[in-house]
Amino acid sequence: MLEKICTDFKTSKKLKELEIKEYGYFSWETISNKGITKHNLTKNPFNNRTDEYQCRNSFAAYTLEQILEMLPLEIKYGNSTLELTIYRHKEEISLDYSGYYQATPEQKENLATTAARLLIELKKDKII
């Protein structure tokens, strides 16, 4: 169930690599045992854990609400101001900055992950 509301493992890991502030109530944990590695999504409050294990083997999993709080409502692009728009047309949902930066869900991807991909793109391009 948590997989439907939190950013996926790959995207959460990328957010950590880009040094996005880690906080929230969910985290991805990597557990290795006898050569088998598993990635578990847990309900443990990420921001209440301070042990070294947490720093090395887990990272925050974000909800759509958390990602939307991090996305700016508008960005400057050259001489233009681009506003964040979220819209739905039939079955397609899109997040868009006036056509310059946009994201739509990939196959079986939840909206938290889609919004996080947009955040990653803005961070990589040093827009934010």
# chains A, B, ... in the order shown; residues from 1 in each chain; ligands from 1

call {"tool": "select_by_dssp", "arguments": {"residues": "stretch 6-122 of chain A", "states": "strand (DSSP E or B)", "output": "PyMOL selection string"}}
result
chain A and resi 6+26-33+36-42+58-61+63+74-77+80-89+92-97+101-103

call {"tool": "residues_around", "arguments": {"residues": "A:Lys14", "least_positions_apart": "3", "cutoff": "10 Å", "atoms": "only C-alpha atoms", "output": "PyMOL selection string"}}
result
chain A and resi 9-11+17-20+59+116-117+120

call {"tool": "residues_around", "arguments": {"residues": "A:Glu121", "least_positions_apart": "4", "cutoff": "12 Å", "atoms": "only C-alpha atoms", "output": "PyMOL selection string"}}
result
chain A and resi 11+14-15+18+71+97+100-103+114-117+125-128

call {"tool": "closest_residue", "arguments": {"among": "A:Leu95, A:Ile75, A:Leu118, A:Ala112", "to": "A:Ala61", "atoms": "only C-alpha atoms"}}
result
A:Ala112

call {"tool": "select_by_dssp", "arguments": {"residues": "chain A", "states": "alpha helix (DSSP H)", "output": "PyMOL selection string"}}
result
chain A and resi 9-17+52-57+64-70+111-124

call {"tool": "residues_around", "arguments": {"residues": "A:Tyr62", "least_positions_apart": "3", "cutoff": "9 Å", "atoms": "only C-alpha atoms", "output": "NGL selection string"}}
result
:A and (5-8 or 12 or 22-27 or 65-67 or 112-113 or 116)

call {"tool": "atom_distance", "arguments": {"atom1": "atom CA of A:Met1", "atom2": "atom CA of A:Leu84"}}
result
28.1 Å

call {"tool": "atom_distance", "arguments": {"atom1": "atom CA of A:Ile86", "atom2": "atom CA of A:Leu111"}}
result
10.8 Å

call {"tool": "closest_residue", "arguments": {"among": "A:Lys108, A:Lys21, A:Lys90, A:His39", "to": "A:Glu69", "atoms": "only C-alpha atoms"}}
result
A:Lys21
